[in-house]
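Below is coords.cif, holding mmCIF, C-alpha atoms and all ligand atoms.
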```
data_upload
loop_
_atom_site.label_atom_id
_atom_site.label_comp_id
_atom_site.auth_asym_id
_atom_site.auth_seq_id
_atom_site.Cartn_x
_atom_site.Cartn_y
_atom_site.Cartn_z
CA MET V 21 -188.59 -47.48 -36.75
CA PRO V 22 -185.00 -48.78 -36.47
CA ILE V 23 -183.40 -48.81 -33.02
CA ASP V 24 -180.99 -45.98 -32.25
CA TYR V 25 -178.31 -47.75 -30.25
CA ILE V 26 -177.38 -44.60 -28.37
CA SER V 27 -180.42 -42.42 -27.71
CA ASP V 28 -182.87 -45.33 -27.31
CA TYR V 29 -180.62 -46.80 -24.61
CA ARG V 30 -180.57 -43.45 -22.78
CA ASP V 31 -184.31 -42.77 -23.01
CA PRO V 32 -185.33 -40.93 -19.79
CA LYS V 33 -188.84 -42.48 -19.80
CA LEU V 34 -187.43 -45.99 -20.01
CA ILE V 35 -184.86 -45.17 -17.34
CA ALA V 36 -187.62 -43.95 -15.01
CA ALA V 37 -189.76 -47.04 -15.74
CA LEU V 38 -186.89 -49.43 -15.02
CA SER V 39 -185.99 -47.56 -11.86
CA ALA V 40 -189.61 -47.81 -10.64
CA GLN V 41 -189.76 -51.52 -11.49
CA ILE V 42 -186.56 -52.24 -9.56
CA SER V 43 -187.93 -50.33 -6.55
CA LEU V 44 -191.12 -52.39 -6.77
CA GLU V 45 -189.40 -55.78 -7.02
CA ALA V 46 -186.28 -55.37 -4.87
CA THR V 47 -186.99 -57.21 -1.64
CA ARG V 48 -183.54 -57.42 -0.07
CA ALA V 49 -180.22 -55.59 0.21
CA LEU V 50 -177.89 -56.33 -2.68
CA ASN V 51 -174.24 -55.38 -3.14
CA ILE V 52 -173.67 -55.47 -6.88
CA MET V 53 -170.10 -55.19 -8.14
CA GLU V 54 -169.61 -53.85 -11.64
CA ILE V 55 -166.52 -55.71 -12.78
CA CYS V 56 -165.65 -53.18 -15.48
CA GLY V 57 -164.64 -49.54 -15.14
CA GLY V 58 -166.79 -48.78 -18.17
CA HIS V 59 -169.83 -49.66 -16.06
CA THR V 60 -168.54 -47.49 -13.20
CA HIS V 61 -168.41 -44.65 -15.70
CA THR V 62 -172.02 -45.24 -16.82
CA ILE V 63 -173.32 -45.70 -13.27
CA ILE V 64 -171.79 -42.48 -11.95
CA LYS V 65 -172.22 -40.39 -15.10
CA TYR V 66 -175.96 -41.10 -15.25
CA GLY V 67 -176.49 -40.94 -11.49
CA LEU V 68 -177.92 -44.47 -11.35
CA PRO V 69 -177.37 -44.92 -7.58
CA GLN V 70 -179.82 -42.08 -6.95
CA LEU V 71 -182.42 -43.79 -9.14
CA LEU V 72 -182.37 -47.04 -7.19
CA PRO V 73 -183.74 -47.98 -3.78
CA PRO V 74 -181.13 -47.57 -1.01
CA GLN V 75 -180.82 -51.33 -0.48
CA ILE V 76 -179.21 -51.68 -3.94
CA LYS V 77 -175.55 -50.68 -3.74
CA PHE V 78 -172.97 -50.55 -6.52
CA ILE V 79 -169.46 -51.66 -5.59
CA HIS V 80 -166.77 -50.61 -8.06
CA GLY V 81 -164.54 -53.41 -9.31
CA PRO V 82 -161.10 -54.10 -10.77
CA GLY V 83 -161.90 -53.98 -14.50
CA CYS V 84 -159.86 -51.02 -15.69
CA PRO V 85 -156.66 -52.20 -17.41
CA VAL V 86 -154.74 -48.99 -16.74
CA CYS V 87 -155.77 -49.08 -13.06
CA VAL V 88 -154.59 -52.62 -12.36
CA ILE V 89 -151.22 -52.55 -14.08
CA PRO V 90 -148.59 -52.50 -11.31
CA LYS V 91 -145.93 -49.83 -11.06
CA GLU V 92 -143.07 -52.18 -11.83
CA ARG V 93 -144.49 -52.90 -15.28
CA ILE V 94 -144.82 -49.19 -15.98
CA ASP V 95 -141.17 -49.03 -14.89
CA HIS V 96 -140.46 -51.67 -17.56
CA ALA V 97 -141.98 -49.32 -20.12
CA THR V 98 -140.06 -46.23 -18.96
CA THR V 99 -136.81 -48.24 -18.73
CA LEU V 100 -137.26 -49.48 -22.30
CA ALA V 101 -138.28 -46.03 -23.51
CA ALA V 102 -135.06 -44.55 -22.08
CA ARG V 103 -132.99 -46.59 -24.56
CA LYS V 104 -131.77 -44.60 -27.54
CA ASP V 105 -132.52 -47.49 -29.90
CA VAL V 106 -136.19 -47.81 -28.82
CA ILE V 107 -139.48 -46.19 -29.80
CA LEU V 108 -142.01 -47.09 -27.11
CA CYS V 109 -145.65 -47.19 -28.24
CA ALA V 110 -148.67 -47.42 -25.93
CA LEU V 111 -152.38 -46.79 -26.21
CA GLY V 112 -154.04 -43.62 -24.92
CA ASP V 113 -154.28 -43.24 -21.15
CA MET V 114 -151.49 -45.72 -20.51
CA ILE V 115 -148.83 -43.09 -21.03
CA ARG V 116 -150.17 -41.07 -18.06
CA ALA V 117 -150.17 -43.90 -15.49
CA PRO V 118 -147.53 -43.27 -12.81
CA GLY V 119 -144.64 -45.70 -12.35
CA SER V 120 -142.34 -45.63 -9.32
CA LYS V 121 -140.57 -42.51 -10.62
CA LEU V 122 -142.03 -41.54 -13.97
CA SER V 123 -145.01 -42.04 -16.22
CA LEU V 124 -144.35 -42.60 -19.92
CA GLN V 125 -145.56 -39.06 -20.49
CA GLN V 126 -142.91 -37.75 -18.09
CA ALA V 127 -140.29 -40.00 -19.72
CA ARG V 128 -141.21 -38.41 -23.05
CA ALA V 129 -140.74 -34.95 -21.54
CA GLU V 130 -137.24 -36.07 -20.53
CA GLY V 131 -136.40 -37.01 -24.11
CA ALA V 132 -137.59 -40.60 -24.54
CA ASP V 133 -139.29 -41.46 -27.83
CA VAL V 134 -142.76 -42.38 -26.57
CA ARG V 135 -145.69 -42.50 -28.98
CA ALA V 136 -149.35 -42.52 -27.87
CA LEU V 137 -151.40 -44.57 -30.32
CA TYR V 138 -155.09 -44.59 -31.18
CA SER V 139 -154.80 -48.03 -32.78
CA PRO V 140 -152.20 -50.80 -32.29
CA LEU V 141 -151.78 -50.94 -36.07
CA GLU V 142 -150.04 -47.55 -35.96
CA ALA V 143 -147.08 -49.38 -34.37
CA LEU V 144 -146.59 -51.30 -37.61
CA LYS V 145 -146.26 -48.05 -39.57
CA ILE V 146 -143.85 -46.57 -36.99
CA ALA V 147 -141.67 -49.70 -37.12
CA THR V 148 -141.63 -49.70 -40.91
CA GLU V 149 -140.68 -46.02 -41.06
CA ASN V 150 -137.89 -46.44 -38.49
CA PRO V 151 -135.95 -49.56 -39.53
CA ASP V 152 -132.85 -48.54 -37.51
CA LYS V 153 -134.85 -48.55 -34.22
CA LYS V 154 -136.68 -51.18 -32.21
CA THR V 155 -140.34 -50.24 -31.94
CA ILE V 156 -141.89 -51.77 -28.80
CA PHE V 157 -145.65 -52.02 -28.45
CA PHE V 158 -146.59 -51.96 -24.75
CA ALA V 159 -149.78 -54.03 -24.96
CA ILE V 160 -152.38 -53.80 -22.20
CA GLY V 161 -156.00 -54.76 -21.78
CA PHE V 162 -158.45 -57.51 -21.02
CA GLU V 163 -159.84 -60.08 -23.48
CA THR V 164 -161.39 -57.17 -25.40
CA THR V 165 -158.13 -55.79 -26.78
CA THR V 166 -156.00 -58.94 -26.94
CA PRO V 167 -157.20 -59.84 -30.46
CA MET V 168 -155.95 -56.47 -31.73
CA THR V 169 -152.46 -57.21 -30.41
CA ALA V 170 -152.60 -60.71 -31.90
CA SER V 171 -153.64 -59.22 -35.23
CA LEU V 172 -150.76 -56.74 -35.07
CA ILE V 173 -148.29 -59.58 -34.39
CA GLU V 174 -149.68 -61.54 -37.32
CA ARG V 175 -149.40 -58.58 -39.67
CA ALA V 176 -145.83 -57.86 -38.58
CA ILE V 177 -144.79 -61.48 -39.07
CA ASN V 178 -146.56 -61.83 -42.43
CA GLY V 179 -145.11 -58.50 -43.59
CA GLY V 180 -141.56 -59.44 -42.59
CA VAL V 181 -141.33 -56.51 -40.13
CA LYS V 182 -138.55 -57.64 -37.76
CA ASN V 183 -138.02 -54.53 -35.64
CA LEU V 184 -141.47 -54.54 -33.99
CA LEU V 185 -141.31 -56.07 -30.48
CA PHE V 186 -144.01 -56.58 -27.84
CA HIS V 187 -144.24 -56.11 -24.10
CA ILE V 188 -147.36 -58.07 -23.21
CA ASN V 189 -149.64 -57.11 -20.32
CA HIS V 190 -152.89 -58.73 -21.45
CA ILE V 191 -155.04 -59.89 -18.56
CA LEU V 192 -158.18 -61.95 -18.01
CA ALA V 193 -161.40 -60.76 -16.38
CA PRO V 194 -162.55 -63.73 -14.24
CA PRO V 195 -159.39 -64.33 -12.11
CA PRO V 196 -159.40 -60.97 -10.24
CA VAL V 197 -163.09 -61.49 -9.43
CA CYS V 198 -162.21 -64.83 -7.82
CA ALA V 199 -159.29 -63.19 -5.97
CA ILE V 200 -161.61 -60.53 -4.56
CA MET V 201 -164.21 -63.09 -3.50
CA ASP V 202 -161.57 -65.37 -1.96
CA ASP V 203 -160.41 -62.33 0.01
CA GLY V 204 -163.83 -62.21 1.66
CA ALA V 205 -165.59 -59.46 -0.28
CA ALA V 206 -169.29 -59.09 0.56
CA ILE V 207 -170.60 -59.11 -3.01
CA ASP V 208 -174.00 -60.60 -3.87
CA ALA V 209 -173.91 -60.32 -7.67
CA PHE V 210 -171.89 -58.99 -10.59
CA LEU V 211 -172.50 -56.88 -13.65
CA GLY V 212 -170.37 -58.70 -16.23
CA PRO V 213 -168.42 -56.84 -18.93
CA SER V 214 -170.09 -57.13 -22.33
CA HIS V 215 -167.03 -56.19 -24.42
CA VAL V 216 -164.96 -58.95 -22.76
CA SER V 217 -167.85 -61.35 -23.30
CA VAL V 218 -168.16 -60.49 -26.99
CA ILE V 219 -164.71 -62.07 -27.39
CA ALA V 220 -164.55 -64.65 -24.59
CA GLY V 221 -168.25 -65.62 -24.42
CA SER V 222 -170.53 -65.32 -21.40
CA ASP V 223 -169.70 -68.88 -20.31
CA VAL V 224 -166.29 -67.75 -18.99
CA PHE V 225 -168.19 -66.40 -15.96
CA LEU V 226 -169.93 -69.74 -15.18
CA PRO V 227 -167.23 -70.84 -12.68
CA ILE V 228 -167.84 -67.65 -10.66
CA VAL V 229 -171.55 -68.42 -10.33
CA GLU V 230 -170.87 -72.04 -9.45
CA ARG V 231 -168.13 -71.26 -6.92
CA TYR V 232 -169.60 -68.24 -5.12
CA LYS V 233 -173.32 -68.64 -5.85
CA THR V 234 -173.40 -65.08 -7.16
CA PRO V 235 -175.41 -64.18 -10.27
CA VAL V 236 -173.46 -62.61 -13.15
CA VAL V 237 -175.46 -60.60 -15.67
CA ILE V 238 -173.53 -59.61 -18.79
CA SER V 239 -174.46 -56.00 -19.30
CA GLY V 240 -174.14 -53.39 -22.02
CA PHE V 241 -172.73 -49.97 -21.21
CA GLU V 242 -175.69 -47.66 -21.66
CA PRO V 243 -177.84 -46.69 -18.65
CA ILE V 244 -180.80 -48.77 -19.87
CA ASP V 245 -178.47 -51.77 -20.14
CA ALA V 246 -177.17 -51.32 -16.61
CA LEU V 247 -180.64 -50.84 -15.10
CA GLU V 248 -182.13 -53.79 -16.96
CA SER V 249 -179.20 -55.88 -15.72
CA VAL V 250 -179.90 -54.81 -12.13
CA LEU V 251 -183.54 -55.83 -12.60
CA MET V 252 -182.40 -59.22 -13.93
CA ILE V 253 -180.23 -59.66 -10.81
CA VAL V 254 -183.15 -58.70 -8.52
CA ARG V 255 -185.36 -61.23 -10.28
CA GLN V 256 -182.72 -63.98 -9.95
CA PHE V 257 -182.74 -63.46 -6.17
CA ASN V 258 -186.54 -63.30 -6.04
CA ASP V 259 -186.73 -66.57 -8.01
CA GLY V 260 -183.97 -68.28 -6.02
CA ARG V 261 -181.79 -68.56 -9.14
CA ARG V 262 -178.01 -68.05 -9.47
CA GLU V 263 -177.05 -67.91 -13.14
CA VAL V 264 -175.00 -66.24 -15.83
CA GLU V 265 -177.56 -64.22 -17.77
CA ASN V 266 -176.96 -62.20 -20.89
CA GLN V 267 -178.59 -58.76 -21.01
CA TYR V 268 -176.34 -57.77 -23.94
CA SER V 269 -177.74 -60.38 -26.31
CA ARG V 270 -177.41 -57.93 -29.19
CA ALA V 271 -173.69 -58.83 -29.35
CA VAL V 272 -172.73 -61.50 -26.81
CA THR V 273 -173.03 -65.27 -27.23
CA ARG V 274 -172.20 -68.02 -24.78
CA SER V 275 -169.07 -69.08 -26.66
CA GLY V 276 -167.82 -65.71 -27.93
CA ASN V 277 -165.93 -64.91 -31.11
CA GLN V 278 -164.17 -68.08 -32.26
CA THR V 279 -162.08 -66.28 -34.90
CA ALA V 280 -160.68 -63.90 -32.28
CA LYS V 281 -160.11 -66.72 -29.79
CA THR V 282 -158.19 -68.75 -32.39
CA LEU V 283 -156.03 -65.73 -33.18
CA ILE V 284 -155.30 -65.16 -29.48
CA ASP V 285 -154.45 -68.83 -28.97
CA ARG V 286 -152.03 -68.77 -31.91
CA TYR V 287 -149.73 -66.23 -30.24
CA PHE V 288 -150.48 -66.30 -26.51
CA THR V 289 -150.46 -68.73 -23.63
CA LEU V 290 -151.31 -68.39 -19.92
CA ARG V 291 -148.72 -67.00 -17.51
CA ASP V 292 -148.27 -69.03 -14.33
CA THR V 293 -148.89 -65.86 -12.36
CA PHE V 294 -149.22 -62.10 -12.82
CA ARG V 295 -149.00 -59.28 -10.30
CA TRP V 296 -152.02 -56.95 -10.24
CA ARG V 297 -151.98 -53.51 -8.67
CA GLY V 298 -153.81 -53.74 -5.38
CA LEU V 299 -154.65 -57.43 -5.77
CA GLY V 300 -151.17 -58.97 -5.70
CA ASP V 301 -150.10 -62.12 -7.55
CA ILE V 302 -152.99 -63.98 -9.18
CA PRO V 303 -152.26 -67.37 -10.80
CA PHE V 304 -153.22 -67.88 -14.45
CA SER V 305 -154.65 -64.37 -14.72
CA ALA V 306 -152.69 -63.05 -17.69
CA LEU V 307 -151.18 -64.00 -21.02
CA ARG V 308 -147.64 -64.07 -22.42
CA LEU V 309 -146.24 -64.70 -25.87
CA ARG V 310 -145.75 -68.35 -26.78
CA GLU V 311 -142.13 -69.55 -26.63
CA GLN V 312 -141.76 -69.63 -30.42
CA TYR V 313 -142.25 -65.83 -30.42
CA ALA V 314 -139.49 -65.16 -27.85
CA HIS V 315 -137.60 -63.27 -30.58
CA ILE V 316 -140.27 -60.53 -30.53
CA ASP V 317 -140.87 -60.60 -26.76
CA ALA V 318 -139.33 -57.41 -25.32
CA GLU V 319 -139.76 -58.74 -21.77
CA GLN V 320 -137.47 -61.67 -22.57
CA ILE V 321 -135.05 -59.81 -24.85
CA PHE V 322 -134.42 -57.06 -22.27
CA ALA V 323 -134.94 -59.21 -19.16
CA ASP V 324 -131.55 -58.22 -17.70
CA TYR V 325 -132.50 -54.52 -17.71
CA LEU V 326 -136.01 -54.69 -16.36
CA PRO V 327 -136.86 -54.20 -12.66
CA ASN V 328 -139.11 -56.83 -11.16
CA GLU V 329 -139.51 -56.12 -7.46
CA PRO V 330 -143.07 -55.23 -6.35
CA ILE V 331 -143.45 -51.49 -5.77
CA ASP V 332 -146.06 -50.16 -3.36
CA ASP V 333 -148.48 -47.38 -4.24
CA HIS V 334 -148.15 -43.94 -2.68
CA LYS V 335 -148.92 -44.37 1.03
CA LEU V 336 -151.91 -42.02 0.83
CA CYS V 337 -153.40 -43.78 -2.19
CA LEU V 338 -156.40 -46.08 -1.67
CA CYS V 339 -156.38 -47.58 -5.18
CA ALA V 340 -155.76 -51.07 -3.79
CA GLU V 341 -158.84 -50.87 -1.56
CA ILE V 342 -160.93 -49.31 -4.34
CA LEU V 343 -159.95 -52.06 -6.79
CA LYS V 344 -161.00 -54.67 -4.21
CA GLY V 345 -164.37 -52.99 -3.72
CA ARG V 346 -163.57 -51.99 -0.14
CA ALA V 347 -163.42 -48.21 -0.55
CA LYS V 348 -164.80 -45.46 -2.74
CA PRO V 349 -162.71 -42.65 -4.24
CA THR V 350 -164.26 -40.14 -1.86
CA ASP V 351 -162.82 -42.17 1.07
CA CYS V 352 -159.34 -41.09 -0.05
CA LYS V 353 -157.97 -38.08 1.81
CA VAL V 354 -156.23 -36.66 -1.26
CA PHE V 355 -159.07 -37.23 -3.75
CA GLY V 356 -159.64 -34.03 -5.75
CA LYS V 357 -157.01 -32.19 -3.68
CA ALA V 358 -153.44 -33.38 -4.16
CA CYS V 359 -154.67 -36.09 -6.57
CA THR V 360 -156.47 -34.94 -9.72
CA PRO V 361 -156.48 -36.13 -13.35
CA ASN V 362 -153.77 -33.55 -14.08
CA SER V 363 -151.51 -34.82 -11.29
CA PRO V 364 -152.62 -38.38 -10.45
CA PHE V 365 -151.08 -40.11 -7.41
CA GLY V 366 -152.60 -43.43 -8.37
CA SER V 367 -153.72 -45.21 -11.52
CA CYS V 368 -157.45 -44.96 -10.65
CA MET V 369 -157.24 -41.21 -11.32
CA VAL V 370 -155.73 -41.68 -14.79
CA SER V 371 -158.01 -43.59 -17.08
CA GLY V 372 -161.53 -42.54 -18.07
CA GLU V 373 -162.54 -45.97 -16.70
CA GLY V 374 -160.82 -45.42 -13.36
CA ALA V 375 -163.18 -44.96 -10.43
CA CYS V 376 -161.35 -41.88 -9.09
CA ALA V 377 -161.25 -40.13 -12.47
CA THR V 378 -164.94 -40.95 -12.98
CA TYR V 379 -165.92 -39.54 -9.58
CA TYR V 380 -163.77 -36.46 -10.16
CA ARG V 381 -165.42 -35.80 -13.50
CA TYR V 382 -169.03 -36.45 -12.49
CA ALA V 383 -168.89 -35.53 -8.79
CA LYS V 384 -171.75 -33.10 -9.24
CA THR V 385 -174.09 -35.98 -10.08
CA PHE V 386 -173.92 -37.77 -6.72
S1 LIG V 401 -157.85 -40.22 -5.36
FE1 LIG V 401 -155.76 -40.55 -6.15
S2 LIG V 401 -154.55 -41.14 -4.37
FE2 LIG V 401 -156.71 -41.39 -3.82
S3 LIG V 401 -157.20 -43.52 -4.30
FE3 LIG V 401 -157.71 -42.32 -6.10
S4 LIG V 401 -155.88 -42.40 -7.39
FE4 LIG V 401 -155.24 -43.05 -5.32
#
```
In structure tokens, how does this file's structure come out?
Amino acid sequence: MPIDYISDYRDPKLIAALSAQISLEATRALNIMEICGGHTHTIIKYGLPQLLPPQIKFIHGPGCPVCVIPKERIDHATTLAARKDVILCALGDMIRAPGSKLSLQQARAEGADVRALYSPLEALKIATENPDKKTIFFAIGFETTTPMTASLIERAINGGVKNLLFHINHILAPPPVCAIMDDGAAIDAFLGPSHVSVIAGSDVFLPIVERYKTPVVISGFEPIDALESVLMIVRQFNDGRREVENQYSRAVTRSGNQTAKTLIDRYFTLRDTFRWRGLGDIPFSALRLREQYAHIDAEQIFADYLPNEPIDDHKLCLCAEILKGRAKPTDCKVFGKACTPNSPFGSCMVSGEGACATYYRYAKTF
């Protein structure tokens, strides 16, 4: 019988068997950080902490692109959107993330032309249909979504579309992990993001294992994937091993997707530094357009208009501590009270991958 990639990976009998096996084999306390907010979602939605022995703890990590984008870059987007000659396009949840004064959604309510896209390619159609305006695609995301932006750039260039510009906020998964570890986090092992690894390859996490002696297991996003990955981590400790292992071998290879990596390399290069919400400036942690594409780089074209001073989060907001793995959403005094998905104080309450939004939605399961 063919595998059903959804129901078979949520099979309650298999979940119970894996949970029992982990309880049997786990011999020591382990703090396991899931790098990606998608894993946080799976872990909380399926109540995995309750299925594991108490010595296994999940620590939520920084891998939600909406959560880690700093307020000043959202201010870039709202500043650009306020121009009469601009149509500002962004994907999904991004338009709800709060800047220092407004989110893009609020800017739209005040009259700005802000479009929420399901696919980056919609920006090409919007630009083509509005030749008298500058359409700006506010691009965010880890290695997973960068190829889509690169593909959009390529299509715009090949199609002679000159009024499509880009504000690039593409970031890399390993650098914030190093920043958190260098800051003294007590993490024993990591669940690695499988979607990032499909593009970048599992080997991008090798330096983390070598530097911090922490196993990284690349994990799929279904509950069976996450539990099997925890078992693989437990076995690494029991065997005295510290390795990058690949649980998600159905899609991830060591070297990743070379076609996508070539496309990314054609248009992007490393930034010297990039400011992350809660984590501060991290060297070589993000991408920018190559210099030959300065003519489509909204950040360069409108540099004189764009604010660049760091802006602190709301003083009651614990997003910074949550993103560093030092607090849980329920530690925040305003969680579920003043701060809800309908009126988020911080970015972690916005995205479906944000730890606060995930806890708010599935609170009944823990
Ligand atoms: S509940 Fe709201 S205010 Fe508190 S940490 Fe989360 S996003 Fe910030």
Residue with the minimum atom-to-atom distance to ligand LIG 401 (chain V), picked from V:Ile342, V:Val236, V:Ala383, V:Leu283 with all atoms listed in the file counted, is V:Ile342
Using CA of Pro243 (chain V) and CA of Ile26 (chain V) as the two end points, give the distance in Å to one decimal.
10.0 Å
From the list V:Arg128, V:Lys91, V:Arg295, V:Arg116, which residue is nearest Ala199 (chain V) when using all atoms listed in the file?
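With all atoms listed in the file as the atom set, the closest residue is V:Arg295.
Counting only C-alpha atoms, the residue from V:Tyr313, V:Phe365, V:Phe210, V:Phe355 that sits nearest to Gln256 (chain V) is V:Phe210.
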Would you kindly return, as an MDAnalysis selection string, each protein, DNA or RNA residue with an atom no farther than 12 Å from any atom of Glu54 (chain V), considering all atoms listed in the file and excluding same-chain residues fewer than 4 positions away?
chainID V and resid 58:64 77:84 193 197 207:214 235:241 246:247 249:250 343:345 373 375
If we draw a sphere of 10 Å around (-186.0, -49.6, -15.0), which residues have at least one atom in it when counting all atoms listed in the file? Please report them as a list in words.
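Residues with an atom at most 10 Å from (-186.0, -49.6, -15.0): Pro32, Lys33, Leu34, Ile35, Ala36, Ala37, Leu38, Ser39, Ala40, Gln41, Ile42, Ser43, Leu71, Leu72, Pro243, Ile244, Asp245, Ala246, Leu247, Glu248, Ser249, Val250 and Leu251 of chain V.
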Step by step, measure atom-to-atom distances between ligand LIG 401 (chain V) and each residue using all atoms listed in the file, keep those at most 6 Å, then write them as JSON, numbers by chain.
{"V": [336, 337, 338, 339, 349, 352, 354, 355, 359, 364, 365, 366, 367, 368, 369, 376]}
Is it possible to get the residues within 12 Å of (-146.0, -59.4, -21.3) (coordinates as in the file, counting all atoms listed in the file) written as a PyMOL selection string?
chain V and resi 89+93-94+96-97+156-161+166+169+185-191+287-291+293-295+305-310+313-314+316-323
Quick one: distance from CA of Ser363 (chain V) to CA of Glu242 (chain V) in Å, one decimal?
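Separation of CA of Ser363 (chain V) and CA of Glu242 (chain V): 29.3 Å.
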Students should find that CA of Gly374 (chain V) and CA of Cys56 (chain V) are spaced 9.4 Å
Using all atoms listed in the file, the best pick from V:Asp113, V:Tyr268, V:Pro196, V:Thr350 as closest to Phe304 (chain V) would be V:Pro196
Find, counting only C-alpha atoms, the residue in V:Ala205, V:Ala46, V:Val272, V:Leu299 that gets nearest to Asp223 (chain V).
V:Val272
V:Asn328, V:Thr155, V:Gln126, V:Gln70 ranked by distance to Ala176 (chain V), top pick (using all atoms listed in the file)
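For Ala176 (chain V), the nearest of the candidates is V:Thr155.
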Within 10 Å of Asn183 (chain V), counting all atoms listed in the file, which residues qualify if same-chain residues fewer than 5 places away don't, as a VMD selection string?
chain V and resid 106 144 146 to 148 150 to 156 176 316
